[in-house]
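Report on the structure given below.
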Amino acid sequence: MRARPDGPAAGPVRTRRRGGRALPAALLLHTPHSYERTAYLLALAAIDRDGLEHLYAESLWDCEETTRLLGIASAPTGPETLGRIAVLRDDPMETPEVRAAARTRLAAPTGSG
């Protein structure tokens, strides 16, 4: 998933690129609007991808499909995250897009996508 942050998340990315402060990761976890989490995660990644592994892993449990898809694509390879991705792949209540992305990620060598 290679999307650009938009909405409220776009401003901090522009600010950071001009030398301002980074967008705090806590904003992603505590935003009152679930639909914004994907944009905030994309904004954090646009600023600096280092140290986002735990946020990508946390995204696998998100209520928003787009955030789960980003987590599937970007979560680090490890037993816990691959187990969660397998649950998403096998969940009949999950969206077809999420199940397909999980299948693809798990089919890749070492599940690394």
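Ligands are numbered from 1 in the order shown, residues from 1 within each chain, and chains are lettered A, B, ... in the order they appear in the structure tokens.
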
Shell of 12 Å around Glu97 of chain A, only C-alpha atoms, local chain residues under 2 positions omitted, as an MDAnalysis selection string: chainID A and resid 65:66 68:70 72 88:89 91:95 99:104

Output C-alpha atoms of each residue in that selection to a file, as a short mmCIF file (atom, residue, chain, number, x, y, z; two decimals), in the first residue's frame.
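Written file, again-v4.cif:
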```
data_model
loop_
_atom_site.label_atom_id
_atom_site.label_comp_id
_atom_site.auth_asym_id
_atom_site.auth_seq_id
_atom_site.Cartn_x
_atom_site.Cartn_y
_atom_site.Cartn_z
CA GLU A 65 -9.84 -2.35 6.93
CA THR A 66 -7.31 0.06 5.41
CA ARG A 68 -5.30 -3.70 8.83
CA LEU A 69 -4.16 -3.85 5.21
CA LEU A 70 -1.26 -1.53 6.00
CA ILE A 72 -0.46 -6.85 6.90
CA LEU A 88 -7.02 -12.60 9.40
CA ARG A 89 -6.51 -14.92 6.42
CA ASP A 91 -11.51 -15.38 9.40
CA PRO A 92 -14.75 -15.82 7.44
CA MET A 93 -16.03 -12.51 8.84
CA GLU A 94 -13.02 -10.60 7.49
CA THR A 95 -13.24 -8.68 4.23
CA ARG A 99 -8.04 -12.19 3.59
CA ALA A 100 -6.36 -11.95 0.17
CA ALA A 101 -3.62 -9.63 1.47
CA ALA A 102 -2.99 -11.96 4.40
CA ARG A 103 -2.82 -14.97 2.06
CA THR A 104 -0.31 -13.14 -0.15
#
```

Counting only C-alpha atoms, give me one row per residue of segment 50-85 of chain A with an atom at most 9 Å from an atom of segment 34-46 of chain A, showing the shortest contact pair and its distance in Å to one decimal, sorted by chain then residue number, as CSV.
```
residue,atom,partner,partner_atom,distance
A:Asp50,CA,A:Ala45,CA,7.9
A:Leu52,CA,A:Ala45,CA,7.5
A:Leu55,CA,A:Leu41,CA,7.8
A:Tyr56,CA,A:Leu41,CA,8.1
A:Ser59,CA,A:Thr38,CA,8.7
A:Asp62,CA,A:Ser34,CA,8.2
A:Cys63,CA,A:Ser34,CA,7.3
A:Glu64,CA,A:Tyr35,CA,6.5
A:Thr66,CA,A:Thr38,CA,6.4
A:Thr67,CA,A:Thr38,CA,4.9
A:Arg68,CA,A:Thr38,CA,8.6
A:Leu70,CA,A:Thr38,CA,7.5
```

Straight-line distance linking atom CA of Leu82 of chain A with atom CA of Pro109 of chain A, stated in Å to one decimal: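 For atom CA of Leu82 of chain A relative to atom CA of Pro109 of chain A, the distance reads 12.2 Å.
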
Selected residue, from A:Asp48, A:Glu53, A:Glu58, A:Asp90, that lies nearest to Pro76 of chain A when counting only C-alpha atoms: A:Glu53

Two-atom distance - atom CA of Leu60 of chain A, atom CA of Ala73 of chain A (Å): 9.8 Å

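Nearest residue to Arg105 of chain A among A:His33, A:Gly51, A:Pro79, A:Ile85 is A:Ile85, counting only C-alpha atoms.
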
Those of segment 21-113 of chain A in DSSP alpha helix (DSSP H), formatted as a PyMOL selection string: chain A and resi 25-30+37-47+53-59+65-74+79-90+96-107

Distance criterion (only C-alpha atoms): nearest to Glu80 of chain A out of A:Arg49, A:Trp61, A:Thr31, A:Ala108: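 Closest residue, counting only C-alpha atoms: A:Trp61.
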